[in-house]
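Engineer: The following file, work_15.cif, comprises mmCIF, C-alpha atoms:
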data_protein
#
loop_
_atom_site.label_atom_id
_atom_site.label_comp_id
_atom_site.auth_asym_id
_atom_site.auth_seq_id
_atom_site.Cartn_x
_atom_site.Cartn_y
_atom_site.Cartn_z
CA MET A 24 12.45 -6.13 -23.73
CA GLU A 25 12.40 -4.18 -20.50
CA LEU A 26 10.14 -1.60 -22.12
CA PHE A 27 7.72 -4.33 -23.16
CA LEU A 28 7.67 -5.81 -19.66
CA PHE A 29 7.26 -2.37 -18.13
CA ILE A 30 4.31 -1.49 -20.37
CA VAL A 31 2.52 -4.80 -19.83
CA ILE A 32 3.09 -5.19 -16.08
CA GLY A 33 2.87 -1.49 -15.33
CA GLY A 34 -0.35 -1.27 -17.32
CA ILE A 35 -1.88 -4.14 -15.37
CA THR A 36 -0.80 -2.48 -12.12
CA LEU A 37 -2.25 0.88 -13.08
CA ILE A 38 -5.57 -0.42 -14.42
CA SER A 39 -6.16 -2.77 -11.51
CA SER A 40 -5.32 0.00 -9.02
CA PHE A 41 -7.99 2.13 -10.69
CA PHE A 42 -10.41 -0.75 -10.35
CA VAL A 43 -9.61 -0.96 -6.63
CA VAL A 44 -10.89 2.57 -6.14
CA PHE A 45 -13.80 2.57 -8.58
CA GLN A 46 -15.27 -0.82 -7.77
CA ARG A 47 -18.56 -0.73 -5.95
CA SER A 48 -18.22 -3.90 -3.95
CA PRO A 49 -15.36 -4.05 -1.41
CA LEU A 50 -14.85 -7.70 -2.27
CA TYR A 51 -14.00 -6.89 -5.88
CA SER A 52 -11.80 -4.06 -4.65
CA ALA A 53 -9.85 -6.54 -2.56
CA LEU A 54 -9.49 -8.97 -5.46
CA PHE A 55 -8.18 -6.23 -7.73
CA LEU A 56 -5.84 -5.16 -4.94
CA ILE A 57 -4.38 -8.69 -4.99
CA LEU A 58 -3.84 -8.32 -8.74
CA THR A 59 -2.15 -4.97 -8.15
CA PHE A 60 0.19 -6.47 -5.56
CA LEU A 61 1.08 -9.41 -7.78
CA SER A 62 1.85 -7.27 -10.79
CA MET A 63 3.86 -4.94 -8.59
CA ALA A 64 5.90 -7.96 -7.54
CA GLY A 65 6.49 -8.46 -11.25
CA LEU A 66 7.77 -4.90 -11.51
CA TYR A 67 10.14 -5.59 -8.61
CA LEU A 68 11.43 -8.61 -10.51
CA VAL A 69 12.01 -6.48 -13.59
CA LEU A 70 13.95 -4.06 -11.40
CA GLY A 71 16.10 -6.90 -10.08
CA ALA A 72 14.84 -7.04 -6.50
CA GLU A 73 14.00 -10.73 -6.21
CA PHE A 74 13.86 -10.91 -2.43
CA VAL A 75 11.44 -8.00 -2.13
CA ALA A 76 9.30 -9.44 -4.93
CA ILE A 77 8.92 -12.77 -3.14
CA ILE A 78 8.21 -11.00 0.17
CA GLN A 79 5.61 -8.92 -1.65
CA VAL A 80 3.84 -12.06 -2.87
CA ILE A 81 4.03 -13.82 0.48
CA VAL A 82 3.27 -10.96 2.85
CA TYR A 83 1.06 -8.62 0.81
CA ALA A 84 -0.72 -10.81 -1.72
CA GLY A 85 -0.79 -13.66 0.78
CA ALA A 86 -1.13 -12.70 4.41
CA VAL A 87 -2.44 -9.15 4.26
CA MET A 88 -5.03 -9.80 1.59
CA VAL A 89 -6.24 -12.96 3.32
CA LEU A 90 -6.85 -10.78 6.37
CA PHE A 91 -8.72 -8.24 4.23
CA LEU A 92 -10.89 -10.88 2.55
CA PHE A 93 -11.55 -12.52 5.89
CA VAL A 94 -12.83 -9.27 7.38
CA ILE A 95 -14.90 -8.47 4.27
CA MET A 96 -16.55 -11.87 4.42
CA LEU A 97 -17.12 -11.44 8.14
CA LEU A 98 -18.77 -8.04 7.87
CA ASN A 99 -22.02 -7.55 6.09
CA LEU A 100 -21.30 -4.61 3.79
CA ASP A 101 -23.99 -5.12 1.20
CA ASN A 102 -26.08 -2.13 2.19
CA GLU A 103 -23.30 0.31 1.31
CA LYS A 104 -22.83 -0.81 -2.25
CA ARG A 105 -25.22 1.40 -4.12
CA GLU A 106 -25.25 4.81 -2.58
CA TRP A 107 -21.65 5.88 -2.94
CA MET A 108 -21.94 7.52 -6.35
CA THR A 109 -24.81 9.80 -5.38
CA LYS A 110 -23.66 11.19 -2.05
CA HIS A 111 -20.91 13.75 -1.35
CA ILE A 112 -20.70 14.91 -4.95
CA GLN A 113 -18.92 18.10 -3.96
CA GLN A 114 -16.32 16.29 -1.92
CA LYS A 115 -15.64 13.89 -4.78
CA TYR A 116 -15.33 16.83 -7.17
CA PHE A 117 -12.72 18.51 -5.00
CA GLY A 118 -11.01 15.18 -4.38
CA VAL A 119 -10.53 14.67 -8.11
CA ILE A 120 -9.18 18.20 -8.47
CA VAL A 121 -6.72 17.72 -5.62
CA VAL A 122 -5.45 14.48 -7.12
CA ALA A 123 -5.24 16.04 -10.59
CA VAL A 124 -2.93 18.68 -9.11
CA LEU A 125 -1.04 16.31 -6.83
CA VAL A 126 -0.09 13.64 -9.35
CA PRO A 127 1.75 15.92 -11.83
CA LEU A 128 3.36 17.65 -8.90
CA ILE A 129 4.75 14.43 -7.43
CA GLY A 130 5.47 12.87 -10.80
CA LEU A 131 7.33 15.83 -12.27
CA GLY A 132 8.98 16.68 -8.99
CA ILE A 133 10.33 13.22 -8.36
CA SER A 134 11.45 12.49 -11.90
CA THR A 135 13.05 15.79 -12.81
CA PRO A 136 16.54 15.19 -14.20
CA LEU A 137 17.96 17.99 -12.08
CA LEU A 138 17.69 15.81 -8.98
CA TYR A 139 19.56 12.93 -10.50
CA SER A 140 22.38 14.48 -12.46
CA LYS A 141 25.75 12.89 -11.87
CA SER A 142 27.12 15.85 -9.95
CA GLN A 143 24.18 15.83 -7.57
CA LEU A 144 24.28 12.10 -6.91
CA GLY A 145 27.94 11.75 -6.12
CA ALA A 146 29.50 8.32 -6.36
CA PRO A 147 27.11 5.44 -7.10
CA GLY A 148 26.62 2.76 -4.48
CA THR A 149 28.39 -0.54 -4.26
CA TYR A 150 25.61 -2.68 -5.72
CA SER A 151 26.43 -2.21 -9.38
CA PRO A 152 24.82 -4.45 -12.05
CA GLN A 153 28.07 -6.39 -12.42
CA ILE A 154 28.08 -7.27 -8.73
CA ALA A 155 24.34 -7.98 -8.83
CA GLU A 156 24.97 -10.68 -11.44
CA GLN A 157 27.47 -12.45 -9.21
CA VAL A 158 25.84 -12.24 -5.78
CA SER A 159 22.39 -13.53 -4.93
CA ASN A 160 20.03 -10.69 -4.16
CA THR A 161 18.66 -12.35 -1.02
CA ALA A 162 22.13 -12.90 0.41
CA ALA A 163 23.11 -9.30 -0.30
CA VAL A 164 19.97 -7.90 1.34
CA ALA A 165 20.37 -10.24 4.31
CA SER A 166 23.99 -9.29 4.88
CA LEU A 167 23.03 -5.63 4.87
CA LEU A 168 20.02 -6.29 7.10
CA PHE A 169 22.00 -8.16 9.74
CA THR A 170 24.93 -5.78 9.87
CA ASP A 171 24.05 -2.15 9.21
CA TYR A 172 20.36 -2.44 10.00
CA ILE A 173 20.47 -4.79 12.98
CA LEU A 174 18.97 -2.27 15.41
CA PRO A 175 15.94 -1.40 13.22
CA PHE A 176 15.51 -5.13 12.63
CA GLU A 177 15.28 -5.82 16.36
CA ILE A 178 12.95 -2.87 16.87
CA THR A 179 10.74 -4.30 14.11
CA SER A 180 10.49 -7.59 15.97
CA VAL A 181 9.41 -5.73 19.10
CA LEU A 182 6.87 -3.84 16.98
CA LEU A 183 5.42 -7.11 15.75
CA LEU A 184 5.13 -8.37 19.32
CA VAL A 185 3.38 -5.15 20.39
CA THR A 186 1.03 -5.49 17.42
CA MET A 187 0.19 -9.05 18.33
CA VAL A 188 -0.59 -8.14 21.93
CA GLY A 189 -2.67 -5.17 20.78
CA VAL A 190 -4.73 -7.17 18.31
CA VAL A 191 -5.36 -9.94 20.82
CA TYR A 192 -6.51 -7.29 23.29
CA LEU A 193 -8.80 -5.64 20.71
CA ALA A 194 -10.29 -8.91 19.52
CA ARG A 195 -11.14 -10.29 22.96
CA ARG A 196 -14.71 -11.06 23.84
CA VAL A 197 -16.33 -8.19 25.72
CA LYS A 198 -19.13 -8.40 28.24
CA LYS A 199 -22.42 -6.84 27.27
CA GLN A 200 -22.37 -3.20 28.21
CA SER A 201 -23.80 0.07 27.04
CA LEU A 202 -21.67 1.41 24.22
CA PRO A 203 -21.48 5.08 23.35
CA GLY A 204 -22.51 4.67 19.74
CA LYS A 205 -25.73 2.83 20.42
CA MET B 8 17.91 0.16 -19.26
CA LEU B 9 14.77 2.27 -19.24
CA PRO B 10 14.89 5.85 -17.99
CA MET B 11 14.30 5.98 -14.28
CA SER B 12 11.47 8.47 -14.66
CA TYR B 13 9.14 5.83 -16.18
CA TYR B 14 9.00 3.90 -12.93
CA LEU B 15 8.90 7.02 -10.80
CA VAL B 16 5.95 8.45 -12.73
CA LEU B 17 4.14 5.12 -12.50
CA GLY B 18 4.70 5.17 -8.74
CA ALA B 19 3.42 8.74 -8.54
CA VAL B 20 0.27 7.88 -10.50
CA ILE B 21 -0.48 4.85 -8.32
CA PHE B 22 0.06 7.01 -5.25
CA GLY B 23 -2.45 9.49 -6.72
CA VAL B 24 -4.97 6.71 -7.25
CA GLY B 25 -4.56 5.80 -3.59
CA VAL B 26 -5.12 9.41 -2.52
CA LEU B 27 -8.21 9.53 -4.72
CA GLY B 28 -9.54 6.41 -3.04
CA VAL B 29 -9.02 7.89 0.42
CA LEU B 30 -10.74 11.11 -0.61
CA ILE B 31 -13.80 9.84 -2.46
CA ARG B 32 -14.66 6.50 -0.90
CA ARG B 33 -16.85 6.20 2.19
CA ASN B 34 -16.19 2.60 3.14
CA ALA B 35 -13.54 2.25 5.84
CA LEU B 36 -12.24 -0.99 4.35
CA VAL B 37 -11.78 0.51 0.88
CA ILE B 38 -10.04 3.52 2.39
CA PHE B 39 -7.71 1.12 4.14
CA MET B 40 -6.99 -0.65 0.86
CA SER B 41 -6.20 2.71 -0.76
CA ILE B 42 -3.67 3.36 2.00
CA GLU B 43 -2.04 0.03 1.15
CA LEU B 44 -1.95 1.17 -2.47
CA MET B 45 -0.09 4.33 -1.49
CA LEU B 46 2.41 2.34 0.58
CA ASN B 47 3.05 0.11 -2.41
CA ALA B 48 3.59 3.08 -4.70
CA VAL B 49 6.24 4.39 -2.32
CA ASN B 50 7.82 0.94 -2.21
CA LEU B 51 8.05 0.97 -5.99
CA THR B 52 9.84 4.31 -5.82
CA PHE B 53 12.27 2.90 -3.25
CA ILE B 54 13.07 -0.12 -5.41
CA THR B 55 13.50 2.02 -8.52
CA LEU B 56 15.93 4.36 -6.82
CA SER B 57 17.74 1.41 -5.29
CA ARG B 58 18.25 0.00 -8.78
CA TYR B 59 19.31 3.20 -10.48
CA LEU B 60 21.49 4.52 -7.67
CA GLU B 61 23.12 1.06 -7.45
CA SER B 62 22.58 0.74 -3.75
CA LEU B 63 20.83 -1.95 -1.71
CA HIS B 64 19.61 0.30 1.07
CA GLY B 65 16.34 1.00 -0.70
CA GLN B 66 15.44 -2.68 -0.71
CA VAL B 67 16.12 -2.97 3.01
CA TYR B 68 13.86 0.01 3.61
CA VAL B 69 11.11 -1.66 1.59
CA PHE B 70 11.46 -4.69 3.84
CA PHE B 71 10.86 -2.50 6.90
CA VAL B 72 7.96 -0.69 5.23
CA MET B 73 6.32 -4.03 4.48
CA THR B 74 6.73 -5.22 8.06
CA VAL B 75 5.21 -2.06 9.47
CA ALA B 76 2.41 -2.20 6.90
CA ALA B 77 1.56 -5.77 7.87
CA ALA B 78 1.40 -4.77 11.55
CA GLU B 79 -0.71 -1.74 10.66
CA VAL B 80 -3.15 -3.89 8.67
CA ALA B 81 -3.61 -6.27 11.59
CA VAL B 82 -4.34 -3.47 14.06
CA GLY B 83 -6.45 -1.46 11.62
CA LEU B 84 -8.63 -4.38 10.64
CA ALA B 85 -9.15 -5.23 14.31
CA ILE B 86 -10.28 -1.64 14.90
CA ILE B 87 -12.64 -1.77 11.90
CA MET B 88 -14.07 -5.04 13.22
CA LEU B 89 -14.67 -3.40 16.60
CA ILE B 90 -16.30 -0.37 14.98
CA TYR B 91 -18.56 -2.64 12.98
CA ARG B 92 -19.42 -4.62 16.08
CA ASN B 93 -20.34 -1.48 18.02
CA TRP B 94 -21.99 0.67 15.35
CA GLY B 95 -23.16 -1.96 12.89
CA THR B 96 -21.56 -0.17 9.96
CA ALA B 97 -18.18 0.47 8.38
CA ASN B 98 -19.26 3.66 6.65
CA ILE B 99 -17.16 6.57 7.87
CA ASP B 100 -20.06 9.02 7.63
CA ASP B 101 -21.83 7.22 10.45
CA ILE B 102 -18.77 7.13 12.68
CA ASN B 103 -18.67 10.78 13.74
CA LEU B 104 -18.30 10.54 17.50
CA MET B 105 -14.93 12.32 17.54
CA LYS B 106 -15.84 14.86 14.87
CA TRP B 107 -16.64 17.69 17.29
#
Represent the structure from my file as structure tokens, please.

Structural biologist:
Amino acid sequence: MELFLFIVIGGITLISSFFVVFQRSPLYSALFLILTFLSMAGLYLVLGAEFVAIIQVIVYAGAVMVLFLFVIMLLNLDNEKREWMTKHIQQKYFGVIVVAVLVPLIGLGISTPLLYSKSQLGAPGTYSPQIAEQVSNTAAVASLLFTDYILPFEITSVLLLVTMVGVVYLARRVKKQSLPGK
Amino acid sequence: MLPMSYYLVLGAVIFGVGVLGVLIRRNALVIFMSIELMLNAVNLTFITLSRYLESLHGQVYVFFVMTVAAAEVAVGLAIIMLIYRNWGTANIDDINLMKW
């Protein structure tokens, strides 16, 4: 059952992530990115991380992608649709080679059994599947977040405030002036 | 339970697709989306290891990664908007003021 879910949802994730890169129009790229995020939330559900899956749907597929689509609709990007397959052929060639080397390297390196043998890992953590059936995932994550990770949590809130101030500053209306790129 | 390497290899491949997008695309917005793709691939790796190592710390880390990614998207899109407003394009070939 898990294999079936993995093949279906993982396949959707993989194919739609390819479409994100190889789609000519940025709008279609963004729509396929939404599909990628949603199916990745499905993978999180399969892996038993309900809280993260819901946050993925709300924050990524919701807020972030609305921002992306908003900017795409706001900018006029039509004139860049056609030319991207014909220019920079050499750079694309080397890019494909680099990725063809990088992916087996990461994939084999991260999934080699040597890293995850029992003697290397030591004792498993406290969140065993038996406990996971009894406790709600959200409550478990929240209790960890508000005890062990309270300082990073507070720093994150400050980061969000800084981001908000920065974006408001960047998006303010500027007076007409001579800009260096003109 | 599936072998852990299935999910890890899937995460690695999606990360590679993101790298490919950054390398071969010229549109700043699509490059930005590819970066999001890479962040998501790493998140998938975190969740997988959190499941198979029976520890919740990976999920908390994913929470922080998502928060930082959301902040990064807001700032990055504001910068792309400003670039478009000043240069009239979002193509990174035309934005070469800091190249040399």

Engineer: Need to verify the contact set: Glu25 (chain A), 10 Å, all atoms listed in the file, exclusion of same-chain residues closer than 6 positions in sequence. Can you return it as a list of chain:residue names?

Structural biologist: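 Close residues of Glu25 (chain A): A:Val31, A:Val69, A:Leu70, B:Met8, B:Leu9.
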
Engineer: Write out as a PyMOL selection string every residue belonging to chain A that has an atom at most 6 Å from any atom of chain B, counting all atoms listed in the file.

Structural biologist: chain A and resi 44+115+118+122+126+129-130+134+147-151+186+190+204

Engineer: Using the chain letters and numbers from the file, which residues does the PyMOL selection byres ((chain A and resi 65) around 12) grab, as a ChimeraX atom specification?

Structural biologist: /A:25,28-36,58-64,66-80 /B:51

Engineer: CA of Gly189 (chain A) to CA of Ile81 (chain A): how many Å, to one decimal?

Structural biologist: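 Spanning CA of Gly189 (chain A) to CA of Ile81 (chain A) is a straight-line distance of 23.1 Å.
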
Engineer: Which distance in Å separates CA of Ser40 (chain A) and CA of Ile42 (chain B), to one decimal?

Structural biologist: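 Going from CA of Ser40 (chain A) over to CA of Ile42 (chain B), I get 11.6 Å.
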
Engineer: If I put a ball of radius 8 Å at (-8.8, -4.4, -1.1) in the file's coordinates, which residues poke into it when counting only C-alpha atoms, written as a PDB file with C-alpha atoms, in the frame of the given file?

Structural biologist:
ATOM      1  CA  VAL A  43      -9.610  -0.960  -6.630  1.00  0.00           C
ATOM      2  CA  PRO A  49     -15.360  -4.050  -1.410  1.00  0.00           C
ATOM      3  CA  LEU A  50     -14.850  -7.700  -2.270  1.00  0.00           C
ATOM      4  CA  TYR A  51     -14.000  -6.890  -5.880  1.00  0.00           C
ATOM      5  CA  SER A  52     -11.800  -4.060  -4.650  1.00  0.00           C
ATOM      6  CA  ALA A  53      -9.850  -6.540  -2.560  1.00  0.00           C
ATOM      7  CA  LEU A  54      -9.490  -8.970  -5.460  1.00  0.00           C
ATOM      8  CA  PHE A  55      -8.180  -6.230  -7.730  1.00  0.00           C
ATOM      9  CA  LEU A  56      -5.840  -5.160  -4.940  1.00  0.00           C
ATOM     10  CA  ILE A  57      -4.380  -8.690  -4.990  1.00  0.00           C
ATOM     11  CA  MET A  88      -5.030  -9.800   1.590  1.00  0.00           C
ATOM     12  CA  PHE A  91      -8.720  -8.240   4.230  1.00  0.00           C
ATOM     13  CA  LEU A  92     -10.890 -10.880   2.550  1.00  0.00           C
TER      14      LEU A  92
ATOM     15  CA  LEU B  36     -12.240  -0.990   4.350  1.00  0.00           C
ATOM     16  CA  VAL B  37     -11.780   0.510   0.880  1.00  0.00           C
ATOM     17  CA  PHE B  39      -7.710   1.120   4.140  1.00  0.00           C
ATOM     18  CA  MET B  40      -6.990  -0.650   0.860  1.00  0.00           C
ATOM     19  CA  SER B  41      -6.200   2.710  -0.760  1.00  0.00           C
TER      20      SER B  41
END
